[in-house]
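Structure file my_file_24.pdb with PDB, C-alpha atoms and all ligand atoms:
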ATOM      1  CA  MET A   1     -18.769  -8.861  -4.232  1.00  0.00           C
ATOM      2  CA  ILE A   2     -16.888 -11.352  -2.067  1.00  0.00           C
ATOM      3  CA  LEU A   3     -13.414 -10.840  -0.636  1.00  0.00           C
ATOM      4  CA  HIS A   4     -11.603 -14.151  -0.210  1.00  0.00           C
ATOM      5  CA  PHE A   5      -9.204 -13.754   2.695  1.00  0.00           C
ATOM      6  CA  PHE A   6      -7.412 -15.349   5.628  1.00  0.00           C
ATOM      7  CA  PRO A   7      -6.988 -13.471   8.921  1.00  0.00           C
ATOM      8  CA  VAL A   8      -3.544 -12.053   9.784  1.00  0.00           C
ATOM      9  CA  ALA A   9      -2.160 -12.826   6.304  1.00  0.00           C
ATOM     10  CA  PRO A  10      -0.860  -9.362   5.387  1.00  0.00           C
ATOM     11  CA  ASN A  11      -2.062  -8.929   1.795  1.00  0.00           C
ATOM     12  CA  PRO A  12      -5.716  -9.723   2.537  1.00  0.00           C
ATOM     13  CA  THR A  13      -5.406  -7.688   5.744  1.00  0.00           C
ATOM     14  CA  LYS A  14      -4.423  -4.498   3.967  1.00  0.00           C
ATOM     15  CA  VAL A  15      -7.526  -4.783   1.759  1.00  0.00           C
ATOM     16  CA  ARG A  16      -9.742  -5.512   4.774  1.00  0.00           C
ATOM     17  CA  LEU A  17      -8.328  -2.493   6.635  1.00  0.00           C
ATOM     18  CA  TYR A  18      -8.946  -0.325   3.576  1.00  0.00           C
ATOM     19  CA  ILE A  19     -12.585  -1.498   3.377  1.00  0.00           C
ATOM     20  CA  ALA A  20     -13.079  -0.959   7.120  1.00  0.00           C
ATOM     21  CA  GLU A  21     -11.629   2.566   6.925  1.00  0.00           C
ATOM     22  CA  LYS A  22     -13.903   3.483   4.006  1.00  0.00           C
ATOM     23  CA  GLU A  23     -16.982   2.101   5.761  1.00  0.00           C
ATOM     24  CA  ALA A  24     -16.108   3.756   9.085  1.00  0.00           C
ATOM     25  CA  ASP A  25     -16.286   7.050   7.202  1.00  0.00           C
ATOM     26  CA  GLY A  26     -19.715   6.336   5.737  1.00  0.00           C
ATOM     27  CA  ALA A  27     -19.061   4.518   2.445  1.00  0.00           C
ATOM     28  CA  THR A  28     -21.008   1.327   1.731  1.00  0.00           C
ATOM     29  CA  LEU A  29     -18.912  -1.066  -0.305  1.00  0.00           C
ATOM     30  CA  GLY A  30     -21.236  -4.085  -0.022  1.00  0.00           C
ATOM     31  CA  ILE A  31     -18.521  -6.699   0.224  1.00  0.00           C
ATOM     32  CA  ASP A  32     -19.014 -10.070   1.893  1.00  0.00           C
ATOM     33  CA  GLU A  33     -16.040 -12.042   3.153  1.00  0.00           C
ATOM     34  CA  SER A  34     -15.190 -15.695   2.627  1.00  0.00           C
ATOM     35  CA  LEU A  35     -12.365 -17.481   4.395  1.00  0.00           C
ATOM     36  CA  VAL A  36      -9.848 -19.537   2.423  1.00  0.00           C
ATOM     37  CA  ASN A  37      -7.746 -21.481   4.927  1.00  0.00           C
ATOM     38  CA  LEU A  38      -4.086 -20.929   4.029  1.00  0.00           C
ATOM     39  CA  GLN A  39      -2.928 -23.294   6.757  1.00  0.00           C
ATOM     40  CA  SER A  40      -4.944 -26.142   5.232  1.00  0.00           C
ATOM     41  CA  GLY A  41      -3.621 -25.275   1.757  1.00  0.00           C
ATOM     42  CA  ASP A  42      -7.076 -24.337   0.469  1.00  0.00           C
ATOM     43  CA  GLN A  43      -5.517 -21.589  -1.690  1.00  0.00           C
ATOM     44  CA  LYS A  44      -4.254 -24.374  -3.969  1.00  0.00           C
ATOM     45  CA  SER A  45      -7.687 -26.051  -4.284  1.00  0.00           C
ATOM     46  CA  PRO A  46      -9.236 -26.138  -7.779  1.00  0.00           C
ATOM     47  CA  GLU A  47     -11.991 -23.862  -6.488  1.00  0.00           C
ATOM     48  CA  HIS A  48      -9.544 -21.155  -5.448  1.00  0.00           C
ATOM     49  CA  LEU A  49      -7.198 -21.655  -8.413  1.00  0.00           C
ATOM     50  CA  ALA A  50     -10.183 -20.818 -10.601  1.00  0.00           C
ATOM     51  CA  ARG A  51     -10.308 -17.458  -8.790  1.00  0.00           C
ATOM     52  CA  ASN A  52      -6.537 -16.890  -8.740  1.00  0.00           C
ATOM     53  CA  PRO A  53      -4.344 -19.243 -10.783  1.00  0.00           C
ATOM     54  CA  LEU A  54      -1.386 -18.207  -8.595  1.00  0.00           C
ATOM     55  CA  GLY A  55      -3.117 -19.762  -5.593  1.00  0.00           C
ATOM     56  CA  LYS A  56      -2.836 -16.704  -3.373  1.00  0.00           C
ATOM     57  CA  LEU A  57      -4.975 -14.321  -1.355  1.00  0.00           C
ATOM     58  CA  PRO A  58      -6.681 -11.918  -1.506  1.00  0.00           C
ATOM     59  CA  ALA A  59      -9.100 -12.328  -4.406  1.00  0.00           C
ATOM     60  CA  LEU A  60     -12.111 -10.100  -4.918  1.00  0.00           C
ATOM     61  CA  GLU A  61     -14.932 -11.990  -6.640  1.00  0.00           C
ATOM     62  CA  LEU A  62     -17.235  -9.686  -8.573  1.00  0.00           C
ATOM     63  CA  ASP A  63     -20.942 -10.169  -9.107  1.00  0.00           C
ATOM     64  CA  ASP A  64     -20.316 -11.527 -12.634  1.00  0.00           C
ATOM     65  CA  GLY A  65     -18.098 -14.266 -11.156  1.00  0.00           C
ATOM     66  CA  SER A  66     -14.817 -12.793 -12.402  1.00  0.00           C
ATOM     67  CA  CYS A  67     -12.073 -12.012  -9.890  1.00  0.00           C
ATOM     68  CA  VAL A  68      -9.662  -9.166  -9.269  1.00  0.00           C
ATOM     69  CA  ILE A  69      -6.396 -10.462  -7.794  1.00  0.00           C
ATOM     70  CA  GLU A  70      -3.405  -8.572  -6.330  1.00  0.00           C
ATOM     71  CA  SER A  71      -4.150  -6.568  -3.204  1.00  0.00           C
ATOM     72  CA  LEU A  72      -3.218  -3.176  -4.635  1.00  0.00           C
ATOM     73  CA  ALA A  73      -5.258  -3.727  -7.824  1.00  0.00           C
ATOM     74  CA  ILE A  74      -8.249  -4.610  -5.622  1.00  0.00           C
ATOM     75  CA  ILE A  75      -7.818  -1.440  -3.571  1.00  0.00           C
ATOM     76  CA  GLU A  76      -7.416   0.782  -6.657  1.00  0.00           C
ATOM     77  CA  PHE A  77     -10.512  -0.849  -8.201  1.00  0.00           C
ATOM     78  CA  LEU A  78     -12.583  -0.192  -5.062  1.00  0.00           C
ATOM     79  CA  GLU A  79     -11.273   3.376  -4.810  1.00  0.00           C
ATOM     80  CA  GLU A  80     -12.494   4.055  -8.357  1.00  0.00           C
ATOM     81  CA  LEU A  81     -15.916   2.650  -7.478  1.00  0.00           C
ATOM     82  CA  HIS A  82     -16.048   4.568  -4.177  1.00  0.00           C
ATOM     83  CA  PRO A  83     -13.915   7.709  -4.388  1.00  0.00           C
ATOM     84  CA  GLU A  84     -15.098   9.061  -1.006  1.00  0.00           C
ATOM     85  CA  PRO A  85     -13.496   9.292   1.470  1.00  0.00           C
ATOM     86  CA  ALA A  86     -10.391   9.633  -0.697  1.00  0.00           C
ATOM     87  CA  MET A  87      -7.716   7.222   0.481  1.00  0.00           C
ATOM     88  CA  ILE A  88      -5.289   7.712  -2.406  1.00  0.00           C
ATOM     89  CA  GLY A  89      -5.095  11.502  -2.359  1.00  0.00           C
ATOM     90  CA  ARG A  90      -7.210  14.165  -4.034  1.00  0.00           C
ATOM     91  CA  ASN A  91      -4.987  15.403  -6.865  1.00  0.00           C
ATOM     92  CA  PRO A  92      -2.114  14.024  -8.963  1.00  0.00           C
ATOM     93  CA  ARG A  93       0.611  15.207  -6.577  1.00  0.00           C
ATOM     94  CA  GLU A  94      -1.159  13.832  -3.504  1.00  0.00           C
ATOM     95  CA  ARG A  95      -1.854  10.546  -5.256  1.00  0.00           C
ATOM     96  CA  ALA A  96       1.805  10.203  -6.233  1.00  0.00           C
ATOM     97  CA  ARG A  97       2.827  10.863  -2.619  1.00  0.00           C
ATOM     98  CA  VAL A  98       0.365   8.332  -1.203  1.00  0.00           C
ATOM     99  CA  ARG A  99       1.342   5.722  -3.769  1.00  0.00           C
ATOM    100  CA  GLU A 100       5.061   6.157  -3.165  1.00  0.00           C
ATOM    101  CA  LEU A 101       4.515   5.758   0.577  1.00  0.00           C
ATOM    102  CA  GLU A 102       2.304   2.716   0.063  1.00  0.00           C
ATOM    103  CA  ARG A 103       5.010   1.102  -2.077  1.00  0.00           C
ATOM    104  CA  ILE A 104       7.596   1.838   0.636  1.00  0.00           C
ATOM    105  CA  CYS A 105       5.281   0.251   3.220  1.00  0.00           C
ATOM    106  CA  ASP A 106       4.706  -2.771   0.993  1.00  0.00           C
ATOM    107  CA  LEU A 107       8.025  -3.445  -0.737  1.00  0.00           C
ATOM    108  CA  GLY A 108      10.165  -1.975   2.052  1.00  0.00           C
ATOM    109  CA  VAL A 109       8.309  -3.266   5.113  1.00  0.00           C
ATOM    110  CA  LEU A 110       5.603  -5.862   4.375  1.00  0.00           C
ATOM    111  CA  VAL A 111       7.714  -7.968   2.016  1.00  0.00           C
ATOM    112  CA  PRO A 112      10.817  -8.186   4.269  1.00  0.00           C
ATOM    113  CA  ILE A 113       8.640  -8.843   7.328  1.00  0.00           C
ATOM    114  CA  ALA A 114       6.854 -11.641   5.474  1.00  0.00           C
ATOM    115  CA  ARG A 115      10.216 -13.057   4.336  1.00  0.00           C
ATOM    116  CA  THR A 116      11.514 -12.978   7.903  1.00  0.00           C
ATOM    117  CA  VAL A 117       8.422 -14.685   9.288  1.00  0.00           C
ATOM    118  CA  HIS A 118       8.443 -17.383   6.614  1.00  0.00           C
ATOM    119  CA  ALA A 119      12.185 -17.946   7.126  1.00  0.00           C
ATOM    120  CA  THR A 120      11.845 -18.351  10.902  1.00  0.00           C
ATOM    121  CA  ARG A 121       8.406 -19.624  11.938  1.00  0.00           C
ATOM    122  CA  SER A 122       6.404 -19.961   8.737  1.00  0.00           C
ATOM    123  CA  PRO A 123       2.674 -20.490   9.304  1.00  0.00           C
ATOM    124  CA  LEU A 124       2.657 -22.162   5.870  1.00  0.00           C
ATOM    125  CA  GLY A 125       5.299 -24.675   6.972  1.00  0.00           C
ATOM    126  CA  LEU A 126       8.116 -23.289   4.791  1.00  0.00           C
ATOM    127  CA  PRO A 127      11.601 -24.466   5.806  1.00  0.00           C
ATOM    128  CA  PRO A 128      13.600 -22.166   8.123  1.00  0.00           C
ATOM    129  CA  SER A 129      16.458 -20.198   6.534  1.00  0.00           C
ATOM    130  CA  PRO A 130      18.669 -18.106   8.845  1.00  0.00           C
ATOM    131  CA  GLU A 131      20.323 -16.470   5.821  1.00  0.00           C
ATOM    132  CA  ILE A 132      17.051 -15.298   4.248  1.00  0.00           C
ATOM    133  CA  ALA A 133      15.850 -14.096   7.658  1.00  0.00           C
ATOM    134  CA  GLU A 134      19.050 -12.116   8.261  1.00  0.00           C
ATOM    135  CA  ASN A 135      18.977 -10.487   4.805  1.00  0.00           C
ATOM    136  CA  ALA A 136      15.303  -9.598   5.196  1.00  0.00           C
ATOM    137  CA  ARG A 137      15.859  -8.110   8.684  1.00  0.00           C
ATOM    138  CA  GLU A 138      18.672  -5.993   7.240  1.00  0.00           C
ATOM    139  CA  ALA A 139      16.510  -4.875   4.287  1.00  0.00           C
ATOM    140  CA  LEU A 140      13.806  -3.744   6.718  1.00  0.00           C
ATOM    141  CA  LYS A 141      15.974  -1.243   8.587  1.00  0.00           C
ATOM    142  CA  ARG A 142      16.223   1.651   6.111  1.00  0.00           C
ATOM    143  CA  PRO A 143      12.517   1.798   5.093  1.00  0.00           C
ATOM    144  CA  LEU A 144      11.426   1.649   8.753  1.00  0.00           C
ATOM    145  CA  GLN A 145      13.845   4.458   9.649  1.00  0.00           C
ATOM    146  CA  LEU A 146      12.580   6.536   6.714  1.00  0.00           C
ATOM    147  CA  LEU A 147       8.966   6.114   7.855  1.00  0.00           C
ATOM    148  CA  ASP A 148       9.977   6.997  11.409  1.00  0.00           C
ATOM    149  CA  ASP A 149      11.693  10.141  10.091  1.00  0.00           C
ATOM    150  CA  TYR A 150       8.589  11.173   8.136  1.00  0.00           C
ATOM    151  CA  LEU A 151       6.362  10.635  11.169  1.00  0.00           C
ATOM    152  CA  ALA A 152       8.699  12.812  13.264  1.00  0.00           C
ATOM    153  CA  ASP A 153       6.991  15.939  11.870  1.00  0.00           C
ATOM    154  CA  GLY A 154       3.939  15.130  14.008  1.00  0.00           C
ATOM    155  CA  ARG A 155       1.625  13.969  11.215  1.00  0.00           C
ATOM    156  CA  SER A 156      -1.186  11.688  12.397  1.00  0.00           C
ATOM    157  CA  PHE A 157      -0.958   9.248   9.497  1.00  0.00           C
ATOM    158  CA  VAL A 158       1.755   7.993   7.175  1.00  0.00           C
ATOM    159  CA  ALA A 159       0.907  10.447   4.379  1.00  0.00           C
ATOM    160  CA  GLY A 160      -0.369  13.359   6.479  1.00  0.00           C
ATOM    161  CA  SER A 161      -3.502  14.291   8.359  1.00  0.00           C
ATOM    162  CA  GLN A 162      -5.832  11.667   6.828  1.00  0.00           C
ATOM    163  CA  PRO A 163      -5.644   7.851   6.704  1.00  0.00           C
ATOM    164  CA  THR A 164      -4.596   6.450   3.337  1.00  0.00           C
ATOM    165  CA  ILE A 165      -3.776   3.115   1.800  1.00  0.00           C
ATOM    166  CA  ALA A 166      -0.208   3.550   3.105  1.00  0.00           C
ATOM    167  CA  ASP A 167      -1.517   3.207   6.692  1.00  0.00           C
ATOM    168  CA  CYS A 168      -3.461   0.062   5.749  1.00  0.00           C
ATOM    169  CA  THR A 169      -0.396  -1.590   4.234  1.00  0.00           C
ATOM    170  CA  LEU A 170       1.850  -0.610   7.133  1.00  0.00           C
ATOM    171  CA  ALA A 171      -0.643  -1.823   9.761  1.00  0.00           C
ATOM    172  CA  ALA A 172      -1.045  -5.147   7.931  1.00  0.00           C
ATOM    173  CA  ALA A 173       2.738  -5.540   7.763  1.00  0.00           C
ATOM    174  CA  LEU A 174       3.315  -4.752  11.450  1.00  0.00           C
ATOM    175  CA  GLN A 175       0.534  -7.123  12.505  1.00  0.00           C
ATOM    176  CA  PHE A 176       2.249  -9.952  10.603  1.00  0.00           C
ATOM    177  CA  GLY A 177       5.503  -8.969  12.299  1.00  0.00           C
ATOM    178  CA  ARG A 178       3.869  -9.254  15.729  1.00  0.00           C
ATOM    179  CA  PHE A 179       2.404 -12.616  14.762  1.00  0.00           C
ATOM    180  CA  GLY A 180       5.827 -13.870  13.649  1.00  0.00           C
ATOM    181  CA  GLU A 181       7.702 -12.214  16.527  1.00  0.00           C
ATOM    182  CA  VAL A 182       9.763  -9.919  14.326  1.00  0.00           C
ATOM    183  CA  ALA A 183      11.093  -7.393  16.836  1.00  0.00           C
ATOM    184  CA  LEU A 184      11.150  -3.760  15.738  1.00  0.00           C
ATOM    185  CA  ASP A 185      13.868  -1.461  17.061  1.00  0.00           C
ATOM    186  CA  PRO A 186      12.394   0.379  20.094  1.00  0.00           C
ATOM    187  CA  SER A 187      14.268   3.525  19.010  1.00  0.00           C
ATOM    188  CA  LEU A 188      11.702   3.915  16.178  1.00  0.00           C
ATOM    189  CA  GLU A 189       9.559   5.917  18.584  1.00  0.00           C
ATOM    190  CA  ASN A 190       7.444   7.739  15.992  1.00  0.00           C
ATOM    191  CA  LEU A 191       6.646   4.515  14.212  1.00  0.00           C
ATOM    192  CA  HIS A 192       5.685   2.742  17.442  1.00  0.00           C
ATOM    193  CA  ALA A 193       3.502   5.710  18.426  1.00  0.00           C
ATOM    194  CA  TRP A 194       1.777   5.630  15.014  1.00  0.00           C
ATOM    195  CA  ASP A 195       1.219   1.879  15.432  1.00  0.00           C
ATOM    196  CA  ARG A 196      -0.367   2.315  18.865  1.00  0.00           C
ATOM    197  CA  ARG A 197      -2.619   5.121  17.578  1.00  0.00           C
ATOM    198  CA  PHE A 198      -3.675   3.286  14.430  1.00  0.00           C
ATOM    199  CA  ARG A 199      -4.531   0.115  16.342  1.00  0.00           C
ATOM    200  CA  GLU A 200      -6.980   2.121  18.461  1.00  0.00           C
ATOM    201  CA  ARG A 201      -9.055   2.988  15.389  1.00  0.00           C
ATOM    202  CA  PRO A 202     -12.378   1.132  15.031  1.00  0.00           C
ATOM    203  CA  SER A 203     -11.262  -0.141  11.600  1.00  0.00           C
ATOM    204  CA  ALA A 204      -8.120  -1.701  13.023  1.00  0.00           C
ATOM    205  CA  ARG A 205      -9.971  -3.105  16.026  1.00  0.00           C
ATOM    206  CA  ALA A 206     -12.462  -4.771  13.698  1.00  0.00           C
ATOM    207  CA  VAL A 207      -9.812  -6.316  11.443  1.00  0.00           C
ATOM    208  CA  LEU A 208      -6.580  -6.918  13.338  1.00  0.00           C
ATOM    209  CA  ALA A 209      -6.359 -10.109  15.397  1.00  0.00           C
ATOM    210  CA  VAL A 210      -2.798  -9.791  16.759  1.00  0.00           C
TER     211      VAL A 210
HETATM  212  N1  LIG B 301       1.342  -9.605  -4.581  1.00  0.00           N
HETATM  213  C1  LIG B 301       0.247 -10.340  -4.010  1.00  0.00           C
HETATM  214  C2  LIG B 301       0.788 -11.252  -2.913  1.00  0.00           C
HETATM  215  C3  LIG B 301      -0.250 -12.270  -2.479  1.00  0.00           C
HETATM  216  C4  LIG B 301       0.299 -13.208  -1.415  1.00  0.00           C
HETATM  217  O1  LIG B 301       1.499 -13.553  -1.389  1.00  0.00           O
HETATM  218  N2  LIG B 301      -0.615 -13.643  -0.527  1.00  0.00           N
HETATM  219  C5  LIG B 301      -0.247 -14.566   0.514  1.00  0.00           C
HETATM  220  C6  LIG B 301      -0.994 -14.210   1.802  1.00  0.00           C
HETATM  221  S1  LIG B 301      -0.421 -12.672   2.451  1.00  0.00           S
HETATM  222  C7  LIG B 301      -0.690 -15.966   0.130  1.00  0.00           C
HETATM  223  O2  LIG B 301      -1.775 -16.135  -0.360  1.00  0.00           O
HETATM  224  N3  LIG B 301       0.157 -16.958   0.415  1.00  0.00           N
HETATM  225  C8  LIG B 301      -0.194 -18.330   0.237  1.00  0.00           C
HETATM  226  C9  LIG B 301       0.753 -19.089  -0.633  1.00  0.00           C
HETATM  227  O3  LIG B 301       1.711 -18.493  -1.165  1.00  0.00           O
HETATM  228  O4  LIG B 301       0.525 -20.291  -0.776  1.00  0.00           O
HETATM  229  C10 LIG B 301      -0.816  -9.368  -3.484  1.00  0.00           C
HETATM  230  O5  LIG B 301      -0.446  -8.208  -3.194  1.00  0.00           O
HETATM  231  O6  LIG B 301      -1.993  -9.709  -3.395  1.00  0.00           O
END

Any chance you could give the structure as structure tokens?
Ligand SMILES: N[C@@H](CCC(=O)N[C@@H](CS)C(=O)NCC(=O)O)C(=O)O
Amino acid sequence: MILHFFPVAPNPTKVRLYIAEKEADGATLGIDESLVNLQSGDQKSPEHLARNPLGKLPALELDDGSCVIESLAIIEFLEELHPEPAMIGRNPRERARVRELERICDLGVLVPIARTVHATRSPLGLPPSPEIAENAREALKRPLQLLDDYLADGRSFVAGSQPTIADCTLAAALQFGRFGEVALDPSLENLHAWDRRFRERPSARAVLAV
């Protein structure tokens, strides 16, 4: 299998962090990586459009040549192939909890951070929009505060005592925020502490560039 990615781009990054976490705990996923340069527009090349007609990353190319697109679908697919270590919970209730947190990290944090970055200093060359940036910064506040409140109980990871896909999505989002200079409120002390801890992990060190 080949994961088509671009460094720092948050959706490929969350998949890469997930793979690195699984492998750090002993799983062998057997995935090669291939860079598609977003800044050169290679995601819109015929070669990549054949993998993902939407012209986006990531795409996981399977051995039969077909591709799984959408970061969360890729992660769920890999988790079914390699259930250990479990990164989406071990029973229906745990899985629901992990998935709800991952959606909060994605829709509540990653998406508004990406909107802010693309509306201020877009690496893809999108035009600046102060209004979009302001709305996205506002939308970010409540989900970040909620995550900070959850982390206040002393848990090591977003969903509890073990890393899950929610940590991967949040770490990918915050990296893109650092890249795009999206300042996070310093009063979110639990969130900042989680971020510092997570970035010390071998998985994060191997994947994160910013
Ligand atoms: N919902 C998709 C979003 C994919 C996406 O927007 N990827 C970005 C990189 S983080 C991309 O490829 N952008 C390039 C473009 O839109 O041209 C997923 O989760 O995979």

Matched chain/residue IDs from the PyMOL selection byres (((chain A and resi 188) around 10) and not hetatm), as a PyMOL selection string: chain A and resi 144-149+151-152+184-187+189-193

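Between CA of Ile88 (chain A) and atom C7 of ligand LIG 301 (chain B) lies a distance of 24.3 Å.
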
Test item: residues no farther than 7 Å from ligand LIG 301 (chain B), counting only C-alpha atoms and all ligand atoms, as a PyMOL selection string: chain A and resi 9-12+38+41+43+55-58+69-72

Expected selection from the PyMOL selection byres (((chain A and resi 162) around 12) and not hetatm), given as a PyMOL selection string: chain A and resi 21-22+25+85-90+94+98+155-161+163-168+198

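Comparing the minimum interatomic distances between Ala27 (chain A) and each of A:Arg199, A:His48, A:Ala139, A:Glu79, counting all atoms listed in the file, we find that A:Glu79 sits nearest.
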
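Distance annotation: of A:Thr169, A:Ser203, A:Asn135, A:Thr116, the residue with the minimal separation from Glu181 (chain A) is A:Thr116; atom set is only C-alpha atoms.
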
Interatomic distance, CA of Leu3 (chain A) to CA of Arg121 (chain A) (Å, one decimal): 26.7 Å

Residues matched by the PyMOL selection byres (((chain A and resi 180) around 12) and not hetatm), written as a PyMOL selection string: chain A and resi 8-10+113-124+133+173-179+181-184+210

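For the pair CA of Val111 (chain A) and CA of Ile132 (chain A), the separation is 12.1 Å.
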
So for region 134-140 of chain A, what box centre and size do we get, axis-aligned, 3 Å extra on each of the six sides, every listed atom, Å to one decimal, as lines of an AutoDock Vina configuration file?
center_x = 16.4
center_y = -7.9
center_z = 6.5
size_x = 11.2
size_y = 14.4
size_z = 10.4

Taking N, CA and C atoms as the atom set, what does region 6-22 of chain A look like once completed, written as a tab-separated table (two decimals), keeping the file's coordinate frame?
chain	number	residue	atom	x	y	z
A	6	PHE	N	-7.75	-14.55	4.44
A	6	PHE	CA	-7.41	-15.35	5.63
A	6	PHE	C	-6.90	-14.36	6.67
A	7	PRO	N	-7.38	-14.46	7.93
A	7	PRO	CA	-6.99	-13.47	8.92
A	7	PRO	C	-5.48	-13.48	9.16
A	8	VAL	N	-4.96	-12.29	9.45
A	8	VAL	CA	-3.54	-12.05	9.78
A	8	VAL	C	-2.62	-12.09	8.55
A	9	ALA	N	-2.96	-12.85	7.53
A	9	ALA	CA	-2.16	-12.83	6.30
A	9	ALA	C	-2.13	-11.37	5.81
A	10	PRO	N	-0.94	-10.82	5.56
A	10	PRO	CA	-0.86	-9.36	5.39
A	10	PRO	C	-1.53	-8.80	4.13
A	11	ASN	N	-1.47	-9.52	3.01
A	11	ASN	CA	-2.06	-8.93	1.80
A	11	ASN	C	-3.58	-8.84	1.86
A	12	PRO	N	-4.28	-9.91	2.31
A	12	PRO	CA	-5.72	-9.72	2.54
A	12	PRO	C	-6.00	-8.68	3.62
A	13	THR	N	-5.14	-8.62	4.63
A	13	THR	CA	-5.41	-7.69	5.74
A	13	THR	C	-5.38	-6.24	5.28
A	14	LYS	N	-4.45	-5.91	4.38
A	14	LYS	CA	-4.42	-4.50	3.97
A	14	LYS	C	-5.70	-4.12	3.22
A	15	VAL	N	-6.26	-5.06	2.45
A	15	VAL	CA	-7.53	-4.78	1.76
A	15	VAL	C	-8.67	-4.66	2.78
A	16	ARG	N	-8.67	-5.55	3.77
A	16	ARG	CA	-9.74	-5.51	4.77
A	16	ARG	C	-9.68	-4.21	5.59
A	17	LEU	N	-8.46	-3.76	5.91
A	17	LEU	CA	-8.33	-2.49	6.64
A	17	LEU	C	-8.82	-1.33	5.77
A	18	TYR	N	-8.50	-1.37	4.50
A	18	TYR	CA	-8.95	-0.32	3.58
A	18	TYR	C	-10.48	-0.28	3.56
A	19	ILE	N	-11.11	-1.45	3.42
A	19	ILE	CA	-12.58	-1.50	3.38
A	19	ILE	C	-13.16	-0.97	4.69
A	20	ALA	N	-12.57	-1.39	5.80
A	20	ALA	CA	-13.08	-0.96	7.12
A	20	ALA	C	-12.93	0.54	7.29
A	21	GLU	N	-11.82	1.11	6.83
A	21	GLU	CA	-11.63	2.57	6.92
A	21	GLU	C	-12.67	3.30	6.08
A	22	LYS	N	-12.91	2.83	4.86
A	22	LYS	CA	-13.90	3.48	4.01
A	22	LYS	C	-15.28	3.44	4.68
